[in-house]
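Here is the file query21.pdb (PDB, C-alpha atoms and all ligand atoms).
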```pdb
ATOM      1  CA  MET R   1       0.000   0.000   0.000
ATOM      2  CA  SER R   2       1.264   3.511  -0.746
ATOM      3  CA  ARG R   3       2.114   5.888   2.071
ATOM      4  CA  ARG R   4      -0.847   8.122   2.942
ATOM      5  CA  LYS R   5      -0.427  11.807   3.706
ATOM      6  CA  ILE R   6      -2.705  12.797   6.573
ATOM      7  CA  ILE R   7      -3.702  15.716   8.759
ATOM      8  CA  ILE R   8      -4.843  14.652  12.239
ATOM      9  CA  ASP R   9      -7.497  17.024  13.623
ATOM     10  CA  THR R  10      -7.791  16.314  17.326
ATOM     11  CA  ASP R  11      -8.839  17.261  20.877
ATOM     12  CA  PRO R  12      -6.501  15.154  23.055
ATOM     13  CA  GLY R  13      -7.888  13.235  25.146
ATOM     14  CA  GLN R  14      -6.165   9.955  26.080
ATOM     15  CA  ASP R  15      -7.614   8.034  23.127
ATOM     16  CA  ASP R  16      -6.635  10.842  20.750
ATOM     17  CA  ALA R  17      -3.140  10.629  22.234
ATOM     18  CA  ILE R  18      -2.902   6.905  21.485
ATOM     19  CA  ALA R  19      -4.161   7.552  17.941
ATOM     20  CA  ILE R  20      -1.410  10.148  17.455
ATOM     21  CA  LEU R  21       1.199   7.722  18.821
ATOM     22  CA  LEU R  22      -0.004   4.994  16.454
ATOM     23  CA  ALA R  23       0.278   7.340  13.477
ATOM     24  CA  LEU R  24       3.740   8.538  14.479
ATOM     25  CA  ALA R  25       4.828   4.926  14.931
ATOM     26  CA  SER R  26       3.745   3.964  11.413
ATOM     27  CA  PRO R  27       5.978   5.925   9.009
ATOM     28  CA  ASP R  28       5.870   3.206   6.333
ATOM     29  CA  GLU R  29       2.130   3.690   5.879
ATOM     30  CA  ILE R  30       1.483   7.224   7.150
ATOM     31  CA  GLU R  31       3.056  10.634   6.682
ATOM     32  CA  VAL R  32       1.689  13.118   9.232
ATOM     33  CA  LEU R  33       1.676  16.504   7.465
ATOM     34  CA  GLY R  34       0.468  18.233  10.608
ATOM     35  CA  ILE R  35      -1.682  17.994  13.704
ATOM     36  CA  THR R  36      -4.496  20.509  14.039
ATOM     37  CA  THR R  37      -6.132  20.986  17.416
ATOM     38  CA  VAL R  38      -9.699  21.882  18.281
ATOM     39  CA  ALA R  39     -11.731  22.474  21.431
ATOM     40  CA  GLY R  40     -13.549  19.336  22.547
ATOM     41  CA  ASN R  41     -12.665  16.977  25.359
ATOM     42  CA  VAL R  42     -11.088  19.969  27.093
ATOM     43  CA  PRO R  43     -10.710  23.624  26.004
ATOM     44  CA  LEU R  44      -8.313  24.506  23.166
ATOM     45  CA  GLU R  45      -5.626  25.814  25.563
ATOM     46  CA  LEU R  46      -5.279  22.239  26.823
ATOM     47  CA  THR R  47      -5.825  20.290  23.591
ATOM     48  CA  LYS R  48      -3.026  22.204  21.842
ATOM     49  CA  LYS R  49      -0.710  21.681  24.828
ATOM     50  CA  ASN R  50      -1.607  17.990  24.982
ATOM     51  CA  ALA R  51      -0.780  17.497  21.291
ATOM     52  CA  CYS R  52       2.696  18.897  21.998
ATOM     53  CA  ILE R  53       3.104  16.680  25.084
ATOM     54  CA  ILE R  54       2.319  13.582  23.027
ATOM     55  CA  CYS R  55       4.655  14.452  20.159
ATOM     56  CA  GLU R  56       7.451  15.016  22.671
ATOM     57  CA  LEU R  57       6.638  11.735  24.414
ATOM     58  CA  ALA R  58       7.133  10.076  21.006
ATOM     59  CA  ASP R  59      10.359  12.060  20.507
ATOM     60  CA  LYS R  60       8.831  13.662  17.399
ATOM     61  CA  SER R  61       9.055  17.360  18.210
ATOM     62  CA  GLU R  62       9.515  18.101  14.493
ATOM     63  CA  ILE R  63       5.780  17.475  13.897
ATOM     64  CA  LEU R  64       3.883  20.659  12.996
ATOM     65  CA  ILE R  65       1.082  21.438  15.461
ATOM     66  CA  PHE R  66      -1.539  24.145  14.932
ATOM     67  CA  ALA R  67      -4.206  25.671  17.172
ATOM     68  CA  GLY R  68      -7.661  25.839  15.630
ATOM     69  CA  CYS R  69     -11.185  26.789  16.659
ATOM     70  CA  ASP R  70     -11.799  27.343  20.352
ATOM     71  CA  ARG R  71     -15.565  26.828  20.197
ATOM     72  CA  PRO R  72     -18.224  25.173  18.037
ATOM     73  CA  LEU R  73     -19.683  27.029  15.034
ATOM     74  CA  SER R  74     -22.796  28.288  16.789
ATOM     75  CA  ARG R  75     -23.045  26.822  20.276
ATOM     76  CA  PRO R  76     -21.263  27.020  23.600
ATOM     77  CA  LEU R  77     -18.507  24.444  24.052
ATOM     78  CA  VAL R  78     -19.358  21.226  25.913
ATOM     79  CA  THR R  79     -16.311  19.424  27.341
ATOM     80  CA  ALA R  80     -15.701  15.956  28.809
ATOM     81  CA  GLU R  81     -13.473  16.327  31.869
ATOM     82  CA  HIS R  82     -15.716  13.736  33.536
ATOM     83  CA  VAL R  83     -14.172  11.193  31.143
ATOM     84  CA  HIS R  84     -10.663  12.499  30.486
ATOM     85  CA  GLY R  85      -9.834  14.352  33.716
ATOM     86  CA  LYS R  86      -9.196  18.044  34.132
ATOM     87  CA  THR R  87      -6.072  18.103  31.922
ATOM     88  CA  GLY R  88      -7.616  15.876  29.231
ATOM     89  CA  LEU R  89      -4.604  13.580  29.618
ATOM     90  CA  ASP R  90      -4.995  12.552  33.259
ATOM     91  CA  GLY R  91      -3.213   9.357  34.223
ATOM     92  CA  PRO R  92       0.520   9.624  33.524
ATOM     93  CA  THR R  93       2.727  12.448  34.775
ATOM     94  CA  LEU R  94       4.195  13.956  31.617
ATOM     95  CA  PRO R  95       6.469  17.006  31.413
ATOM     96  CA  ASN R  96       5.289  20.376  30.172
ATOM     97  CA  PRO R  97       6.120  20.594  26.461
ATOM     98  CA  ARG R  98       9.024  22.638  25.170
ATOM     99  CA  MET R  99       8.040  22.587  21.513
ATOM    100  CA  GLU R 100       6.329  25.635  20.039
ATOM    101  CA  LEU R 101       3.037  25.649  18.197
ATOM    102  CA  GLU R 102       3.026  26.902  14.606
ATOM    103  CA  GLN R 103       1.731  30.463  14.278
ATOM    104  CA  GLN R 104      -0.684  29.724  11.431
ATOM    105  CA  HIS R 105      -4.324  28.999  12.327
ATOM    106  CA  ALA R 106      -5.216  25.299  11.961
ATOM    107  CA  VAL R 107      -7.983  26.085   9.464
ATOM    108  CA  ASP R 108      -5.571  27.996   7.221
ATOM    109  CA  PHE R 109      -3.035  25.180   7.440
ATOM    110  CA  ILE R 110      -5.688  22.691   6.319
ATOM    111  CA  ILE R 111      -6.700  24.918   3.400
ATOM    112  CA  GLU R 112      -3.168  25.756   2.273
ATOM    113  CA  THR R 113      -1.993  22.172   2.520
ATOM    114  CA  LEU R 114      -4.888  20.858   0.456
ATOM    115  CA  ARG R 115      -4.324  23.551  -2.168
ATOM    116  CA  ALA R 116      -0.600  22.843  -2.338
ATOM    117  CA  GLU R 117      -0.718  19.042  -2.530
ATOM    118  CA  PRO R 118      -1.898  17.155  -5.639
ATOM    119  CA  SER R 119      -5.660  16.510  -5.678
ATOM    120  CA  GLY R 120      -6.781  13.346  -3.936
ATOM    121  CA  THR R 121      -3.583  12.769  -1.990
ATOM    122  CA  VAL R 122      -4.386  14.121   1.500
ATOM    123  CA  THR R 123      -6.641  12.305   3.963
ATOM    124  CA  LEU R 124      -8.194  14.205   6.874
ATOM    125  CA  CYS R 125      -8.469  12.350  10.180
ATOM    126  CA  PRO R 126     -10.825  14.166  12.571
ATOM    127  CA  LEU R 127     -10.770  12.742  16.097
ATOM    128  CA  GLY R 128     -12.847  15.444  17.788
ATOM    129  CA  PRO R 129     -15.682  17.870  17.022
ATOM    130  CA  LEU R 130     -15.704  18.765  13.316
ATOM    131  CA  THR R 131     -15.392  22.543  13.805
ATOM    132  CA  ASN R 132     -12.004  23.017  12.100
ATOM    133  CA  ILE R 133     -12.922  20.836   9.120
ATOM    134  CA  ALA R 134     -16.309  22.500   8.580
ATOM    135  CA  THR R 135     -14.771  25.958   8.914
ATOM    136  CA  ALA R 136     -12.161  25.079   6.283
ATOM    137  CA  LEU R 137     -14.861  23.769   3.904
ATOM    138  CA  GLU R 138     -16.946  26.917   4.398
ATOM    139  CA  LYS R 139     -13.995  29.275   3.991
ATOM    140  CA  ALA R 140     -12.469  27.523   0.967
ATOM    141  CA  PRO R 141     -15.042  25.413  -0.896
ATOM    142  CA  ASP R 142     -12.409  24.668  -3.572
ATOM    143  CA  ILE R 143     -10.680  22.231  -1.192
ATOM    144  CA  THR R 144     -13.696  19.893  -1.239
ATOM    145  CA  ASN R 145     -12.504  18.218  -4.431
ATOM    146  CA  LYS R 146      -8.929  18.014  -3.252
ATOM    147  CA  ILE R 147      -9.516  15.844  -0.179
ATOM    148  CA  ALA R 148      -8.769  12.151  -0.801
ATOM    149  CA  GLU R 149     -10.985  10.981   2.025
ATOM    150  CA  ILE R 150     -12.126  11.861   5.533
ATOM    151  CA  VAL R 151     -11.792   9.064   8.089
ATOM    152  CA  LEU R 152     -13.378  10.284  11.315
ATOM    153  CA  MET R 153     -14.393   9.113  14.774
ATOM    154  CA  GLY R 154     -17.942  10.119  15.602
ATOM    155  CA  GLY R 155     -21.556   9.079  15.849
ATOM    156  CA  ALA R 156     -23.360   5.871  16.724
ATOM    157  CA  TYR R 157     -26.323   3.845  15.552
ATOM    158  CA  PHE R 158     -26.761   0.634  17.538
ATOM    159  CA  GLU R 159     -24.858   2.106  20.513
ATOM    160  CA  VAL R 160     -26.968   5.288  20.226
ATOM    161  CA  GLY R 161     -25.114   7.778  22.434
ATOM    162  CA  ASN R 162     -22.530   8.430  25.129
ATOM    163  CA  ILE R 163     -22.928  12.137  25.976
ATOM    164  CA  THR R 164     -26.750  12.073  25.695
ATOM    165  CA  PRO R 165     -29.059   9.074  25.277
ATOM    166  CA  THR R 166     -28.957   9.635  21.503
ATOM    167  CA  ALA R 167     -25.696  11.400  20.645
ATOM    168  CA  GLU R 168     -22.010  10.613  20.552
ATOM    169  CA  PHE R 169     -19.724  13.328  21.996
ATOM    170  CA  ASN R 170     -17.823  14.541  18.887
ATOM    171  CA  ILE R 171     -20.989  15.024  16.840
ATOM    172  CA  TYR R 172     -23.008  16.423  19.768
ATOM    173  CA  VAL R 173     -20.469  19.155  20.525
ATOM    174  CA  ASP R 174     -20.757  20.668  17.047
ATOM    175  CA  PRO R 175     -23.695  19.190  15.115
ATOM    176  CA  GLU R 176     -23.776  22.065  12.614
ATOM    177  CA  ALA R 177     -20.148  21.355  11.720
ATOM    178  CA  ALA R 178     -20.930  17.653  11.407
ATOM    179  CA  GLU R 179     -23.814  18.423   9.068
ATOM    180  CA  ILE R 180     -21.523  20.444   6.806
ATOM    181  CA  VAL R 181     -19.016  17.597   6.642
ATOM    182  CA  PHE R 182     -21.580  14.803   6.191
ATOM    183  CA  THR R 183     -23.324  16.652   3.332
ATOM    184  CA  SER R 184     -20.094  17.748   1.605
ATOM    185  CA  GLY R 185     -20.001  14.939  -0.953
ATOM    186  CA  ILE R 186     -16.481  14.025   0.184
ATOM    187  CA  LYS R 187     -15.685  10.310   0.572
ATOM    188  CA  ILE R 188     -16.145   9.630   4.294
ATOM    189  CA  VAL R 189     -15.456   6.649   6.549
ATOM    190  CA  VAL R 190     -17.074   6.879   9.999
ATOM    191  CA  MET R 191     -15.852   5.053  13.124
ATOM    192  CA  PRO R 192     -18.921   5.230  15.381
ATOM    193  CA  LEU R 193     -19.360   3.888  18.921
ATOM    194  CA  ASP R 194     -20.740   0.726  17.267
ATOM    195  CA  VAL R 195     -17.172  -0.304  16.476
ATOM    196  CA  THR R 196     -15.146   1.645  19.060
ATOM    197  CA  HIS R 197     -17.052   0.093  21.975
ATOM    198  CA  LYS R 198     -15.651  -3.268  20.829
ATOM    199  CA  VAL R 199     -12.047  -2.075  21.087
ATOM    200  CA  LEU R 200     -11.579  -2.424  24.841
ATOM    201  CA  VAL R 201      -8.326  -2.279  26.769
ATOM    202  CA  THR R 202      -8.773  -5.333  28.984
ATOM    203  CA  GLY R 203      -6.336  -6.057  31.826
ATOM    204  CA  PRO R 204      -4.009  -8.247  29.712
ATOM    205  CA  ARG R 205      -3.958  -5.646  26.909
ATOM    206  CA  ASN R 206      -3.085  -2.935  29.424
ATOM    207  CA  ASP R 207      -0.318  -5.183  30.813
ATOM    208  CA  ALA R 208       1.032  -5.611  27.267
ATOM    209  CA  PHE R 209       1.367  -1.819  26.898
ATOM    210  CA  ARG R 210       3.137  -1.554  30.266
ATOM    211  CA  GLU R 211       5.454  -4.438  29.441
ATOM    212  CA  ILE R 212       6.818  -2.540  26.450
ATOM    213  CA  GLY R 213       8.746  -0.809  29.221
ATOM    214  CA  THR R 214       9.412   2.448  27.352
ATOM    215  CA  PRO R 215       8.030   5.910  28.297
ATOM    216  CA  VAL R 216       5.448   5.505  25.471
ATOM    217  CA  GLY R 217       4.362   2.031  26.608
ATOM    218  CA  ILE R 218       4.109   3.011  30.281
ATOM    219  CA  ALA R 219       2.253   6.277  29.529
ATOM    220  CA  THR R 220      -0.187   4.386  27.285
ATOM    221  CA  ALA R 221      -0.891   1.916  30.102
ATOM    222  CA  GLU R 222      -1.373   4.776  32.583
ATOM    223  CA  MET R 223      -3.647   6.718  30.222
ATOM    224  CA  THR R 224      -5.875   3.714  29.589
ATOM    225  CA  ASP R 225      -5.892   2.887  33.331
ATOM    226  CA  PHE R 226      -7.323   6.339  34.005
ATOM    227  CA  PHE R 227      -9.707   6.457  31.085
ATOM    228  CA  GLU R 228     -11.190   3.015  31.733
ATOM    229  CA  ARG R 229     -12.757   3.856  35.088
ATOM    230  CA  PHE R 230     -15.441   5.947  33.392
ATOM    231  CA  ASP R 231     -16.599   3.288  30.935
ATOM    232  CA  LYS R 232     -16.312   0.499  33.502
ATOM    233  CA  ASP R 233     -18.577   2.432  35.866
ATOM    234  CA  LYS R 234     -20.994   3.491  33.162
ATOM    235  CA  TYR R 235     -21.278   0.449  30.920
ATOM    236  CA  GLY R 236     -19.777  -2.308  33.059
ATOM    237  CA  THR R 237     -17.354  -3.054  30.232
ATOM    238  CA  ALA R 238     -13.970  -4.735  30.502
ATOM    239  CA  GLY R 239     -11.824  -1.636  29.890
ATOM    240  CA  ALA R 240     -11.288   1.660  28.100
ATOM    241  CA  PRO R 241     -12.639   1.919  24.544
ATOM    242  CA  LEU R 242      -9.970   3.094  22.094
ATOM    243  CA  HIS R 243     -12.263   5.248  19.957
ATOM    244  CA  ASP R 244      -9.827   7.440  18.049
ATOM    245  CA  PRO R 245      -7.086   4.876  17.329
ATOM    246  CA  CYS R 246      -9.648   3.077  15.129
ATOM    247  CA  VAL R 247      -9.229   5.899  12.596
ATOM    248  CA  ILE R 248      -5.479   5.407  12.314
ATOM    249  CA  ALA R 249      -5.653   1.603  12.422
ATOM    250  CA  TYR R 250      -8.083   1.782   9.490
ATOM    251  CA  LEU R 251      -5.487   3.673   7.438
ATOM    252  CA  ILE R 252      -2.879   1.023   8.191
ATOM    253  CA  ARG R 253      -5.022  -2.149   7.955
ATOM    254  CA  PRO R 254      -8.426  -1.307   6.391
ATOM    255  CA  GLU R 255      -9.194  -5.000   5.879
ATOM    256  CA  LEU R 256      -9.577  -5.414   9.662
ATOM    257  CA  PHE R 257     -12.742  -3.288   9.551
ATOM    258  CA  SER R 258     -16.179  -3.845   8.041
ATOM    259  CA  GLY R 259     -19.352  -1.822   7.715
ATOM    260  CA  ARG R 260     -21.939  -0.553   5.259
ATOM    261  CA  HIS R 261     -22.084   2.260   2.741
ATOM    262  CA  ILE R 262     -25.233   4.068   3.905
ATOM    263  CA  ASN R 263     -26.950   7.416   4.346
ATOM    264  CA  VAL R 264     -26.281   9.194   7.629
ATOM    265  CA  MET R 265     -27.818  12.557   8.506
ATOM    266  CA  ILE R 266     -27.157  14.740  11.535
ATOM    267  CA  GLU R 267     -29.919  16.001  13.822
ATOM    268  CA  THR R 268     -29.344  19.731  14.409
ATOM    269  CA  LYS R 269     -32.780  20.973  15.495
ATOM    270  CA  SER R 270     -34.259  18.773  18.215
ATOM    271  CA  ASP R 271     -33.281  19.472  21.823
ATOM    272  CA  LEU R 272     -34.089  15.877  22.672
ATOM    273  CA  THR R 273     -31.935  14.179  20.026
ATOM    274  CA  LEU R 274     -29.430  16.908  19.113
ATOM    275  CA  GLY R 275     -26.318  15.510  17.431
ATOM    276  CA  MET R 276     -27.852  12.128  16.678
ATOM    277  CA  THR R 277     -26.372  10.371  13.643
ATOM    278  CA  VAL R 278     -29.545   9.187  11.925
ATOM    279  CA  ALA R 279     -28.145   6.165  10.119
ATOM    280  CA  ASP R 280     -30.207   4.384   7.475
ATOM    281  CA  TRP R 281     -28.507   1.072   8.283
ATOM    282  CA  TRP R 282     -31.445  -0.965   6.988
ATOM    283  CA  GLY R 283     -31.929   1.017   3.793
ATOM    284  CA  VAL R 284     -35.488   2.051   4.598
ATOM    285  CA  THR R 285     -35.231   5.403   2.805
ATOM    286  CA  ASP R 286     -34.092   6.311  -0.678
ATOM    287  CA  ARG R 287     -31.633   8.867   0.684
ATOM    288  CA  PRO R 288     -28.327   8.375  -1.132
ATOM    289  CA  ALA R 289     -25.410   6.786   0.711
ATOM    290  CA  ASN R 290     -22.926   9.409   1.881
ATOM    291  CA  VAL R 291     -20.614   7.534   4.267
ATOM    292  CA  THR R 292     -19.122   4.133   5.010
ATOM    293  CA  PHE R 293     -20.328   3.405   8.531
ATOM    294  CA  ILE R 294     -18.096   0.854  10.278
ATOM    295  CA  ASN R 295     -19.551  -1.556  12.793
ATOM    296  CA  ASP R 296     -16.965  -4.295  13.246
ATOM    297  CA  VAL R 297     -13.218  -4.876  13.602
ATOM    298  CA  ASN R 298     -10.854  -7.755  14.265
ATOM    299  CA  VAL R 299     -10.154  -6.658  17.834
ATOM    300  CA  GLN R 300      -7.226  -8.922  18.690
ATOM    301  CA  VAL R 301      -5.338  -8.126  15.497
ATOM    302  CA  PHE R 302      -5.999  -4.425  16.195
ATOM    303  CA  PHE R 303      -4.363  -4.728  19.644
ATOM    304  CA  ASP R 304      -1.464  -6.789  18.304
ATOM    305  CA  LEU R 305      -0.819  -4.088  15.697
ATOM    306  CA  LEU R 306      -1.123  -1.242  18.222
ATOM    307  CA  THR R 307       1.157  -2.875  20.797
ATOM    308  CA  GLU R 308       3.776  -3.744  18.188
ATOM    309  CA  ARG R 309       3.773  -0.221  16.749
ATOM    310  CA  LEU R 310       3.914   1.486  20.156
ATOM    311  CA  SER R 311       6.956  -0.617  20.988
ATOM    312  CA  GLU R 312       8.743   0.994  18.033
ATOM    313  CA  LEU R 313       8.590   4.529  19.492
TER     314      LEU R 313
HETATM  315  C1  LIG K 401     -15.033  10.586  21.334
HETATM  316  O1  LIG K 401     -15.199  11.630  22.283
HETATM  317  C2  LIG K 401     -14.014  11.808  23.011
HETATM  318  O2  LIG K 401     -14.284  11.721  24.365
HETATM  319  C3  LIG K 401     -13.028  10.780  22.547
HETATM  320  O3  LIG K 401     -11.736  11.366  22.437
HETATM  321  C4  LIG K 401     -13.547  10.339  21.205
HETATM  322  O4  LIG K 401     -13.043  11.135  20.163
HETATM  323  C5  LIG K 401     -15.836   9.378  21.793
HETATM  324  O5  LIG K 401     -17.197   9.712  21.891
HETATM  325 CA    CA K 402     -11.184  12.699  20.483
END
```

What do you get writing this file as structure tokens?
Amino acid sequence: MSRRKIIIDTDPGQDDAIAILLALASPDEIEVLGITTVAGNVPLELTKKNACIICELADKSEILIFAGCDRPLSRPLVTAEHVHGKTGLDGPTLPNPRMELEQQHAVDFIIETLRAEPSGTVTLCPLGPLTNIATALEKAPDITNKIAEIVLMGGAYFEVGNITPTAEFNIYVDPEAAEIVFTSGIKIVVMPLDVTHKVLVTGPRNDAFREIGTPVGIATAEMTDFFERFDKDKYGTAGAPLHDPCVIAYLIRPELFSGRHINVMIETKSDLTLGMTVADWWGVTDRPANVTFINDVNVQVFFDLLTERLSEL
């Protein structure tokens, strides 16, 4: 497979952090053109700092990191400290970063990069609310045809919701942005809770991270230790769900994942079901398919891949 050029758009978050580590550990398959940060799990001041912390943990301080939008398009920001802790990266003790952020706004970096690179060669990987991506599409509609693909974490159908009874966090935080992205006509692959809730860091998988013995392996074990308590309490599951790493694993080993090409629309009006991904899984409407909605993954091969790659950092 050829090496894919990607921009990771993210709100770290422990699972975002592990996604970034997986991408940085996979240079044969993935070239990270830049990391753009957005407000989400925690405010932008922390997500941009956390992106730097993770790149330094991986000893990759040459990665370009940009600060983006500090609030959703038209709503107040909702954050998730109840899941990720007050820093967004609670769990390990990691040093304050020394690397500097780029001066350019994340949205302008996305636009300029897509304009500069050959059409159809850059994949966008949103791991948080879709505010930066939607803002770029609104500001520079010409980039729509230049994007190879968007592979994003967000939404749910069978799992319904995690931040409300009917909405997944990333879509709920900025449903207007999600609507812009989902109706853009761009090729989109969605990693909803339906698949990410299968990717659980059980005790033995956590031990395998720790046994790598490096700062990356130990920090990954400590992050998932912290992050798991929320899902264990809430769902009674066996460990932390690795939502965002599904996006990067898909780029490396797409054959591990399966789903359906279906129509998905975003609820933006109802107070009760705001941010719901209304997925026509059963094909009961004639609305045209706009996304590939993933619902399954080979979980053990996923963890073998992740553990092996993390051990290379
Ligand atoms: C998504 O929300 C965040 O809490 C995680 O980082 C992930 O991107 C899961 O709903
Ligand atoms: Ca995230």

Could you list, with a cut-off of 10 Å and counting only C-alpha atoms and all ligand atoms, the residues of chain R near ligand LIG 401 (chain K), each shown with its nearest atom pair and the distance in Å rounded to one decimal, rows sorted by chain and ascending number, as a tab-separated table?
```
residue	atom	partner	partner_atom	distance
R:Thr10	CA	K:LIG401	O4	7.9
R:Asp11	CA	K:LIG401	O3	6.8
R:Pro12	CA	K:LIG401	O3	6.5
R:Gly13	CA	K:LIG401	O3	5.1
R:Gln14	CA	K:LIG401	O3	6.8
R:Asp15	CA	K:LIG401	O3	5.3
R:Asp16	CA	K:LIG401	O3	5.4
R:Ala17	CA	K:LIG401	O3	8.6
R:Ile18	CA	K:LIG401	O3	9.9
R:Ala19	CA	K:LIG401	O3	9.6
R:Gly40	CA	K:LIG401	C2	7.6
R:Asn41	CA	K:LIG401	O2	5.6
R:Val42	CA	K:LIG401	O2	9.3
R:Thr79	CA	K:LIG401	O2	8.5
R:Ala80	CA	K:LIG401	O2	6.3
R:Glu81	CA	K:LIG401	O2	8.8
R:His82	CA	K:LIG401	O2	9.5
R:Val83	CA	K:LIG401	O2	6.8
R:His84	CA	K:LIG401	O2	7.2
R:Gly88	CA	K:LIG401	O3	9.1
R:Pro126	CA	K:LIG401	O4	8.5
R:Leu127	CA	K:LIG401	O4	4.9
R:Gly128	CA	K:LIG401	O4	4.9
R:Pro129	CA	K:LIG401	O4	7.9
R:Leu152	CA	K:LIG401	O4	8.9
R:Met153	CA	K:LIG401	O4	5.9
R:Gly154	CA	K:LIG401	O5	6.3
R:Gly155	CA	K:LIG401	O5	7.5
R:Ala156	CA	K:LIG401	O5	8.9
R:Gly161	CA	K:LIG401	O5	8.2
R:Asn162	CA	K:LIG401	O5	6.4
R:Ile163	CA	K:LIG401	O5	7.4
R:Ala167	CA	K:LIG401	O5	8.8
R:Glu168	CA	K:LIG401	O5	5.1
R:Phe169	CA	K:LIG401	O5	4.4
R:Asn170	CA	K:LIG401	O1	5.2
R:Ile171	CA	K:LIG401	O5	8.3
R:Tyr172	CA	K:LIG401	O5	9.1
R:Val173	CA	K:LIG401	O1	9.4
R:Met191	CA	K:LIG401	C5	9.7
R:Pro192	CA	K:LIG401	O5	8.1
R:Leu193	CA	K:LIG401	O5	6.9
R:Thr196	CA	K:LIG401	C5	8.2
R:His197	CA	K:LIG401	C5	9.4
R:Phe227	CA	K:LIG401	O2	9.7
R:Pro241	CA	K:LIG401	C5	8.6
R:Leu242	CA	K:LIG401	C4	8.1
R:His243	CA	K:LIG401	C4	5.4
R:Asp244	CA	K:LIG401	O4	5.3
R:Pro245	CA	K:LIG401	O4	9.1
R:Val247	CA	K:LIG401	O4	10.0
```

Original post:
Between R:Leu73, R:Leu89, R:Ile110, R:Met276, which is the closest to ligand CA 402 (chain K) once you count only C-alpha atoms and all ligand atoms?
Top reply: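 Among the listed residues, R:Leu89 lies closest to ligand CA 402 (chain K).
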
Original post:
For ligand CA 402 (chain K), which residue out of R:Leu306, R:Val38, R:Ala289, R:Val201 is the nearest one, using all atoms listed in the file?
Top reply: R:Val38

Determine the residue membership of the PyMOL selection byres (((chain R and resi 100) around 12) and not hetatm) for the file above and supply it as a JSON list (two decimals) with C-alpha atoms, in the frame of the given file.
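Output (out15.json):
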```json
[["chain", "number", "residue", "atom", "x", "y", "z"],
["R", 48, "LYS", "CA", -3.03, 22.20, 21.84],
["R", 49, "LYS", "CA", -0.71, 21.68, 24.83],
["R", 51, "ALA", "CA", -0.78, 17.50, 21.29],
["R", 52, "CYS", "CA", 2.70, 18.90, 22.00],
["R", 53, "ILE", "CA", 3.10, 16.68, 25.08],
["R", 55, "CYS", "CA", 4.66, 14.45, 20.16],
["R", 56, "GLU", "CA", 7.45, 15.02, 22.67],
["R", 61, "SER", "CA", 9.06, 17.36, 18.21],
["R", 62, "GLU", "CA", 9.52, 18.10, 14.49],
["R", 63, "ILE", "CA", 5.78, 17.48, 13.90],
["R", 64, "LEU", "CA", 3.88, 20.66, 13.00],
["R", 65, "ILE", "CA", 1.08, 21.44, 15.46],
["R", 66, "PHE", "CA", -1.54, 24.14, 14.93],
["R", 67, "ALA", "CA", -4.21, 25.67, 17.17],
["R", 96, "ASN", "CA", 5.29, 20.38, 30.17],
["R", 97, "PRO", "CA", 6.12, 20.59, 26.46],
["R", 98, "ARG", "CA", 9.02, 22.64, 25.17],
["R", 99, "MET", "CA", 8.04, 22.59, 21.51],
["R", 101, "LEU", "CA", 3.04, 25.65, 18.20],
["R", 102, "GLU", "CA", 3.03, 26.90, 14.61],
["R", 103, "GLN", "CA", 1.73, 30.46, 14.28],
["R", 104, "GLN", "CA", -0.68, 29.72, 11.43]]
```

Original post:
Hey, can you check how far CA of Ile262 (chain R) sits from CA of Val297 (chain R)?
Top reply: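 Computing the Euclidean distance for CA of Ile262 (chain R) and CA of Val297 (chain R) yields 17.8 Å.
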
Once 3 Å is added on each side, what are the centre and the three edge lengths, in Å to one decimal, of the axis-aligned box enclosing the listed atoms of region 154-158 of chain R? Present them as JSON.
```
{"center_x": -22.4, "center_y": 5.4, "center_z": 16.5, "size_x": 14.8, "size_y": 15.5, "size_z": 8.0}
```

Subject >> Test item: residues at most 12 Å from Trp282 (chain R), all atoms listed in the file, excluding those fewer than 3 positions along its chain, as a PyMOL selection string >> reply: chain R and resi 157-158+260-264+278-279+285-287+289

**OP:** Could you give me, as a list in words, the residues within 7 Å of Glu149 (chain R), counting all atoms listed in the file and dropping anything in the same chain fewer than 6 positions from it?
**Re:**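 With the cut-off at 7 Å, the set is Thr123, Leu124, Ile186, Lys187 and Ile188 of chain R.
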